[in-house]
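Colleague: This structure is in C-alpha cells; I'll ask about it shortly.
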Amino acid sequence: MHDGTIAAIATAPGRGGVAVVRISGDDAFEVAELVAGKLPPPGHFAFRRLDIDDVLVLVFKAPNSYTGEDVVEIQSHGGGVAPRKILDACFAAGARIARRGEFTERAFLNGKMDLSEAESVIELVDAKTDRAAKDARERLSGETRRTYNDIYREVLEAGADLEHSLDVDETDLPPDFLAKISARLTAAKKRIYTILARSHEGRILREGALVVLAGEPNAGKSSLMNALLGANRVIVSDIPGTTRDSIEEYLDLGGYPVRLVDTAGLRDTADAVEGEGIRRARELIDKADYVIDLSPSGNVHTKCDLEREPGKINVSAKTGEGLDELKADIVRAISPLAVAEPTPSERESSLLSAAAKYLEDTDKSDIVLLAGNVRQAGQALAQLTGEVYSDDLLSSIFSRFCVGK
Ligand SMILES: Nc1nc2c(ncn2[C@@H]2O[C@H](COP(=O)(O)OP(=O)(O)OP(=O)(O)O)[C@@H](O)[C@H]2O)c(=O)[nH]1
Ligand SMILES: [Mg+2]
C-alpha cells in the first residue's frame, strides 16, 4: 500500500481546548497501542490515563475512516506540550511524520473522495466566512463531481461514436450523424461555460471581494477605513499625503469576505515614493469589486458631520453616521457576484477552459479533426474528475494542505 504508517497533530497549533493526534496506516493500531495501551473496538472510544495526559482514544477500522486505512485519533488537552509528546511516542512506536495533506491524499488514493472534494477540504480549512465554508461544503458533498462526471461521460461517448465512425464507411453513417454529435458536444460546452461563469463568484468567496478606498489626500479615507474596521488600524492626520502604501484588512460584511484596502491620496506629486503609492492605488481601483470613491465625483461623501452632500451616501468617521448604509450598499453590490453555489477552483477552471476550447468548433465537418479535438477535451475533463492524474498534480494539490490534514 502506501509507504508506512503516518502520524501528525491534526488540530491547529497553539492554545486550544483539545488537540488531536491522528495516526493512519497498516500499523496504526499497533502504534496506537504502544502509545495509549489497549484500544477500544473500532467505532468506539475510550479514556486512557497516560503519563503525558488524560486522553480520549478513537478507533476507525479500514475502510471506514477518513483515509480509508486503519486510523486512530488520540485527543489530548491542547497547547504545545501534550500533543507533541504523544506524537513523539508515535514516532518511537514506528510511525513517521505525515507530509502536508498526506491524510487527504491517502483518502483520495483509497477512493474516499475525488480531487475536487479533496480541494474543497483545503478551502473548507481556509474558509474565512460562513458563506465561503458553505460553498466548500457543497463541493464536498459531491454535487460538483456529479456535474463534472456527467459532462465527461457526454464528451467521452460522443468521442467514442466519432472514433467508431472513423472505422466504418462514411456512406454507412446516418445522414444526421455529425449534426447529432455536434449538438451533444455543444450542449456539453454550454454546461462548461455555465460553470466557468461561476468562477468569478468563487473567487469572491475564496479570496474576498476587493473594496478600495479612494480619493484625494485628506479626503478622510484612512479615517473611514478605521471606522469600518472598528479599530484604530491606520494612521490618520491632517497632513495631506499621510498614507503612502496600500493597507489591506479583512472584514466580514454580511457574511461576505471583504478585503478592505486603504490607499494613497490621488494627486500630482514629485515625490517618488508617494508616486509609487498612487500608482498602486490606481491599479487597485481598476481591479476593485467596489470603490468607496471619496472624490468630488464619487459615490460616497464623508465628514458629513461638517457638511452634507445630497445624492451621495453620507458618512462620518467621526460620529459613525451612515456606516451601516455604506456597508449595506457594498453588500448589495457584491452579493450578486457571489451567489452561494458550488464554484470551480482555479485548477478546475483552467481545465474546463481547455476542454471548452477544444469543443469550440464542434460544427466542423471534418470527422478526423473533430475526433482529435474531442479526445483532447476528454483528456482535460478526465483530469478534472480525477480519472487521470499525474504525481505532479497530486503533489501540487496536497502540498497546499497543512500537516495533519
Ligand atoms: N470632522 C471630521 N473629520 C474627519 C473625518 N474623517 C477624517 N477627518 C479628518 O480629516 C483629516 C484627514 O483624514 P485622513 O483619514 O488621514 O485622510 P486620508 O484620505 O487618509 O488622507 P491621506 O492619507 O493623506 O490621503 C484628518 O484630520 C481627520 O481627522 C470625519 O468624518 N469628520
Ligand atoms: Mg490616509
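Here, A, B, ... name the chains of the C-alpha cells in the order displayed, residue numbers run from 1 inside each chain, and ligands are numbered from 1 in the same displayed order.
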Using only C-alpha atoms and all ligand atoms, find each residue with an atom at most 10 Å away from ligand 1 and format the answer as a VMD selection string.
Modeller: chain A and resid 213 to 227 234 to 246 262 to 267 274 278 294 to 295 301 to 307 314 to 321
Colleague: Just N, CA and C atoms for this one: save the residues we selected as a short mmCIF file (atom, residue, chain, number, x, y, z; two decimals), in the first residue's frame.
Modeller:
```cif
data_model
loop_
_atom_site.label_atom_id
_atom_site.label_comp_id
_atom_site.auth_asym_id
_atom_site.auth_seq_id
_atom_site.Cartn_x
_atom_site.Cartn_y
_atom_site.Cartn_z
N LEU A 213 -10.71 52.00 -0.91
CA LEU A 213 -10.97 53.39 -0.52
C LEU A 213 -10.12 54.30 -1.41
N ALA A 214 -10.76 55.26 -2.07
CA ALA A 214 -10.01 56.11 -2.99
C ALA A 214 -10.46 57.56 -2.85
N GLY A 215 -9.58 58.47 -3.21
CA GLY A 215 -9.92 59.88 -3.17
C GLY A 215 -8.67 60.73 -3.00
N GLU A 216 -8.89 62.02 -2.90
CA GLU A 216 -7.75 62.93 -2.78
C GLU A 216 -7.11 62.85 -1.39
N PRO A 217 -5.90 63.39 -1.27
CA PRO A 217 -5.29 63.44 0.05
C PRO A 217 -6.21 64.18 1.02
N ASN A 218 -6.23 63.71 2.24
CA ASN A 218 -7.03 64.32 3.30
C ASN A 218 -8.54 64.15 3.13
N ALA A 219 -8.95 63.36 2.14
CA ALA A 219 -10.38 63.17 1.91
C ALA A 219 -11.03 62.50 3.12
N GLY A 220 -10.24 61.72 3.86
CA GLY A 220 -10.80 61.01 5.02
C GLY A 220 -10.84 59.50 4.81
N LYS A 221 -10.04 59.00 3.87
CA LYS A 221 -10.02 57.56 3.55
C LYS A 221 -9.59 56.72 4.75
N SER A 222 -8.45 57.09 5.32
CA SER A 222 -7.91 56.28 6.41
C SER A 222 -8.84 56.30 7.62
N SER A 223 -9.43 57.46 7.88
CA SER A 223 -10.37 57.56 8.99
C SER A 223 -11.56 56.64 8.76
N LEU A 224 -12.02 56.60 7.50
CA LEU A 224 -13.18 55.75 7.18
C LEU A 224 -12.80 54.27 7.27
N MET A 225 -11.59 53.95 6.85
CA MET A 225 -11.07 52.57 7.00
C MET A 225 -11.16 52.16 8.47
N ASN A 226 -10.63 52.97 9.34
CA ASN A 226 -10.66 52.67 10.77
C ASN A 226 -12.09 52.53 11.27
N ALA A 227 -12.96 53.43 10.81
CA ALA A 227 -14.35 53.41 11.28
C ALA A 227 -15.03 52.11 10.82
N VAL A 234 -5.03 52.30 10.86
CA VAL A 234 -4.11 53.07 10.01
C VAL A 234 -3.93 54.49 10.53
N ILE A 235 -2.82 55.09 10.15
CA ILE A 235 -2.50 56.43 10.65
C ILE A 235 -3.38 57.47 9.97
N VAL A 236 -3.90 58.36 10.79
CA VAL A 236 -4.73 59.45 10.32
C VAL A 236 -4.06 60.75 10.73
N SER A 237 -4.01 61.72 9.82
CA SER A 237 -3.51 63.03 10.24
C SER A 237 -4.05 64.09 9.30
N ASP A 238 -3.90 65.35 9.70
CA ASP A 238 -4.40 66.42 8.83
C ASP A 238 -3.34 66.85 7.82
N ILE A 239 -2.24 66.09 7.76
CA ILE A 239 -1.22 66.37 6.74
C ILE A 239 -1.58 65.60 5.47
N PRO A 240 -1.80 66.30 4.36
CA PRO A 240 -2.15 65.58 3.13
C PRO A 240 -1.00 64.67 2.69
N GLY A 241 -1.32 63.47 2.25
CA GLY A 241 -0.27 62.54 1.83
C GLY A 241 0.21 61.66 2.97
N THR A 242 -0.62 61.47 3.99
CA THR A 242 -0.24 60.64 5.14
C THR A 242 -0.05 59.19 4.71
N THR A 243 -1.03 58.65 3.98
CA THR A 243 -0.96 57.25 3.57
C THR A 243 -0.20 57.14 2.26
N ARG A 244 0.78 56.25 2.24
CA ARG A 244 1.56 56.06 1.01
C ARG A 244 1.41 54.64 0.49
N ASP A 245 1.59 53.69 1.38
CA ASP A 245 1.39 52.29 1.00
C ASP A 245 -0.10 51.99 0.97
N SER A 246 -0.50 50.96 0.20
CA SER A 246 -1.86 50.49 0.33
C SER A 246 -1.91 49.49 1.49
N ASP A 262 -7.04 50.55 2.10
CA ASP A 262 -6.81 52.00 2.16
C ASP A 262 -5.66 52.33 1.20
N THR A 263 -5.76 53.47 0.51
CA THR A 263 -4.74 53.79 -0.49
C THR A 263 -4.21 55.20 -0.29
N ALA A 264 -3.14 55.49 -1.02
CA ALA A 264 -2.58 56.84 -1.01
C ALA A 264 -3.54 57.80 -1.71
N GLY A 265 -3.64 59.03 -1.18
CA GLY A 265 -4.49 60.04 -1.80
C GLY A 265 -4.00 60.38 -3.20
N LEU A 266 -4.94 60.52 -4.14
CA LEU A 266 -4.58 60.73 -5.54
C LEU A 266 -4.29 62.21 -5.79
N ARG A 267 -3.10 62.51 -6.23
CA ARG A 267 -2.74 63.88 -6.62
C ARG A 267 -1.45 63.82 -7.45
N GLU A 274 5.69 58.60 -2.85
CA GLU A 274 4.25 58.87 -2.90
C GLU A 274 3.70 58.51 -4.28
N ILE A 278 0.62 56.07 -5.31
CA ILE A 278 -0.52 56.49 -6.14
C ILE A 278 -0.70 55.54 -7.33
N LEU A 294 -14.24 58.72 -2.60
CA LEU A 294 -14.50 59.95 -1.84
C LEU A 294 -14.16 61.20 -2.64
N SER A 295 -13.84 61.03 -3.93
CA SER A 295 -13.52 62.21 -4.75
C SER A 295 -14.81 62.99 -5.03
N HIS A 301 -19.82 60.48 0.33
CA HIS A 301 -19.35 61.75 0.90
C HIS A 301 -19.08 61.54 2.39
N THR A 302 -17.85 61.82 2.80
CA THR A 302 -17.53 61.62 4.21
C THR A 302 -17.42 62.97 4.92
N LYS A 303 -17.17 62.92 6.22
CA LYS A 303 -17.15 64.12 7.07
C LYS A 303 -18.52 64.81 7.04
N CYS A 304 -19.59 64.02 6.98
CA CYS A 304 -20.93 64.61 6.88
C CYS A 304 -21.35 65.27 8.19
N ASP A 305 -20.53 65.06 9.22
CA ASP A 305 -20.78 65.82 10.46
C ASP A 305 -20.50 67.31 10.24
N LEU A 306 -19.65 67.60 9.25
CA LEU A 306 -19.33 69.00 8.96
C LEU A 306 -20.28 69.58 7.91
N GLU A 307 -20.54 68.79 6.88
CA GLU A 307 -21.32 69.29 5.75
C GLU A 307 -21.89 68.07 5.02
N ASN A 314 -23.91 59.60 2.61
CA ASN A 314 -23.23 60.49 3.54
C ASN A 314 -22.78 59.71 4.77
N VAL A 315 -21.48 59.78 5.04
CA VAL A 315 -20.95 59.07 6.21
C VAL A 315 -20.06 60.01 7.02
N SER A 316 -19.83 59.61 8.25
CA SER A 316 -18.87 60.34 9.08
C SER A 316 -18.06 59.34 9.88
N ALA A 317 -16.74 59.43 9.73
CA ALA A 317 -15.87 58.57 10.52
C ALA A 317 -15.90 59.02 11.97
N LYS A 318 -16.22 60.29 12.15
CA LYS A 318 -16.19 60.88 13.49
C LYS A 318 -17.39 60.43 14.33
N THR A 319 -18.60 60.49 13.74
CA THR A 319 -19.80 60.15 14.51
C THR A 319 -20.31 58.74 14.22
N GLY A 320 -19.82 58.13 13.14
CA GLY A 320 -20.31 56.79 12.78
C GLY A 320 -21.57 56.84 11.94
N GLU A 321 -22.05 58.02 11.67
CA GLU A 321 -23.27 58.15 10.87
C GLU A 321 -23.06 57.57 9.47
#
```
Colleague: Please report, as a count of residues only, each residue of region 214-308 of chain A to which DSSP assigns alpha helix (DSSP H) when run on this structure's backbone.
Modeller: 25
Colleague: Please indicate the distance in Å from CA of Leu162 (chain A) to CA of Arg184 (chain A), rounded to one decimal place.
Modeller: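 We find that CA of Leu162 (chain A) and CA of Arg184 (chain A) lie 11.9 Å from each other.
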Colleague: Identify, on the basis of only C-alpha atoms, every residue whose closest approach to Arg191 (chain A) does not exceed 12 Å; exclude the query and any residue fewer than 2 positions from it along the same chain; express the result as a PyMOL selection string.
Modeller: chain A and resi 147-152+154-155+184-189+193-198+352-353+355-356+359
Colleague: With distances taken over only C-alpha atoms, which of A:Pro310, A:Gly298, A:Gly208, A:Gly25 is nearest to Tyr256 (chain A)?
Modeller: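 Under the stated criterion, the closest residue is A:Gly208.
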Colleague: Run DSSP on the backbone and grab whatever in region 52-270 of chain A lands in strand (DSSP E); send it over as a ChimeraX atom specification.
Modeller: /A:54-60,71-77,96-97,209-214,247-253,256-262
Colleague: Write the residues of the selection above to a file with N, CA and C atoms, as a compact mmCIF listing (two decimals), in the first residue's frame.
Modeller:
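Okay, this is what ended up in result_11.txt:
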```
# COMPACT_ATOMS: atom_id res chain seq x y z
N ASP A 54 -4.37 12.91 30.26
CA ASP A 54 -5.56 12.06 30.12
C ASP A 54 -6.04 12.21 28.69
N VAL A 55 -6.24 11.11 28.01
CA VAL A 55 -6.58 11.22 26.59
C VAL A 55 -7.84 10.42 26.26
N LEU A 56 -8.39 10.76 25.11
CA LEU A 56 -9.53 10.05 24.56
C LEU A 56 -9.02 9.37 23.29
N VAL A 57 -9.26 8.07 23.19
CA VAL A 57 -8.75 7.32 22.03
C VAL A 57 -9.93 6.88 21.16
N LEU A 58 -9.88 7.21 19.88
CA LEU A 58 -10.95 6.83 18.95
C LEU A 58 -10.36 5.92 17.88
N VAL A 59 -11.08 4.84 17.57
CA VAL A 59 -10.55 3.85 16.64
C VAL A 59 -11.46 3.71 15.42
N PHE A 60 -10.86 3.79 14.24
CA PHE A 60 -11.61 3.61 12.99
C PHE A 60 -10.96 2.50 12.19
N VAL A 71 -7.27 3.85 11.25
CA VAL A 71 -6.95 5.17 11.82
C VAL A 71 -7.22 5.16 13.32
N VAL A 72 -6.31 5.77 14.06
CA VAL A 72 -6.58 6.02 15.48
C VAL A 72 -6.36 7.51 15.73
N GLU A 73 -7.30 8.12 16.46
CA GLU A 73 -7.12 9.51 16.85
C GLU A 73 -7.00 9.58 18.36
N ILE A 74 -5.99 10.28 18.81
CA ILE A 74 -5.78 10.43 20.25
C ILE A 74 -6.00 11.90 20.60
N GLN A 75 -7.04 12.15 21.36
CA GLN A 75 -7.34 13.54 21.76
C GLN A 75 -6.71 13.82 23.11
N SER A 76 -5.97 14.90 23.17
CA SER A 76 -5.39 15.30 24.44
C SER A 76 -5.80 16.72 24.72
N HIS A 77 -5.29 17.28 25.82
CA HIS A 77 -5.51 18.71 26.04
C HIS A 77 -4.69 19.49 25.02
N ARG A 96 5.79 7.46 11.08
CA ARG A 96 6.61 8.58 10.63
C ARG A 96 5.71 9.80 10.47
N ILE A 97 6.35 10.98 10.41
CA ILE A 97 5.58 12.22 10.29
C ILE A 97 4.87 12.26 8.94
N ALA A 209 -14.08 39.91 -1.60
CA ALA A 209 -14.30 40.97 -2.58
C ALA A 209 -13.32 42.09 -2.29
N LEU A 210 -12.82 42.69 -3.36
CA LEU A 210 -11.84 43.77 -3.19
C LEU A 210 -12.58 45.10 -3.11
N VAL A 211 -12.53 45.73 -1.94
CA VAL A 211 -13.19 47.02 -1.74
C VAL A 211 -12.10 48.06 -1.46
N VAL A 212 -12.02 49.07 -2.31
CA VAL A 212 -10.90 50.01 -2.25
C VAL A 212 -11.38 51.41 -1.87
N LEU A 213 -10.71 52.00 -0.91
CA LEU A 213 -10.97 53.39 -0.52
C LEU A 213 -10.12 54.30 -1.41
N ALA A 214 -10.76 55.26 -2.07
CA ALA A 214 -10.01 56.11 -2.99
C ALA A 214 -10.46 57.56 -2.85
N ILE A 247 -2.92 49.62 2.30
CA ILE A 247 -3.00 48.80 3.52
C ILE A 247 -4.30 48.01 3.48
N GLU A 248 -4.15 46.70 3.61
CA GLU A 248 -5.30 45.82 3.44
C GLU A 248 -5.70 45.19 4.77
N GLU A 249 -7.00 45.16 5.02
CA GLU A 249 -7.52 44.46 6.20
C GLU A 249 -8.71 43.62 5.79
N TYR A 250 -8.89 42.53 6.51
CA TYR A 250 -10.00 41.65 6.21
C TYR A 250 -11.24 42.08 7.01
N LEU A 251 -12.38 42.00 6.37
CA LEU A 251 -13.63 42.43 7.00
C LEU A 251 -14.74 41.48 6.56
N ASP A 252 -15.62 41.13 7.48
CA ASP A 252 -16.77 40.30 7.14
C ASP A 252 -17.98 41.22 7.01
N LEU A 253 -18.51 41.34 5.80
CA LEU A 253 -19.70 42.18 5.60
C LEU A 253 -20.88 41.30 5.23
N TYR A 256 -20.10 38.05 3.72
CA TYR A 256 -19.18 38.05 2.58
C TYR A 256 -17.79 38.47 3.03
N PRO A 257 -16.77 37.71 2.63
CA PRO A 257 -15.42 38.13 2.98
C PRO A 257 -15.02 39.33 2.12
N VAL A 258 -14.47 40.33 2.77
CA VAL A 258 -14.10 41.57 2.06
C VAL A 258 -12.65 41.91 2.39
N ARG A 259 -11.88 42.24 1.35
CA ARG A 259 -10.54 42.80 1.55
C ARG A 259 -10.66 44.30 1.40
N LEU A 260 -10.63 45.01 2.52
CA LEU A 260 -10.78 46.46 2.50
C LEU A 260 -9.39 47.08 2.41
N VAL A 261 -9.18 47.93 1.39
CA VAL A 261 -7.85 48.48 1.18
C VAL A 261 -7.87 50.01 1.22
N ASP A 262 -7.04 50.55 2.10
CA ASP A 262 -6.81 52.00 2.16
C ASP A 262 -5.66 52.33 1.20
```
Colleague: Nearest to ligand 2 among A:Leu384, A:Ala281, A:Ala333, A:Ala118, with distances taken over only C-alpha atoms and all ligand atoms: which residue is it?
Modeller: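 The closest residue to ligand 2 is A:Ala281.
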Colleague: Can you work out which one of A:Gly101, A:Gly378, A:Gly372, A:Gly322 has the shortest atom-to-atom distance to Glu163 (chain A), counting only C-alpha atoms?
Modeller: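 The closest residue to Glu163 (chain A) is A:Gly372.
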Colleague: Quote the spacing between CA of Ile313 (chain A) and CA of Gly230 (chain A) in Å to one decimal place.
Modeller: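 These two atoms are separated by 19.0 Å.
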Colleague: For each of A:Arg153, A:Lys85, A:His44, A:Arg100, take the minimum atom-to-atom distance to Ala377 (chain A), counting only C-alpha atoms, then give the residue where this is smallest.
Modeller: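 Checking each of A:Arg153, A:Lys85, A:His44, A:Arg100 against Ala377 (chain A), counting only C-alpha atoms, the winner is A:Arg153.
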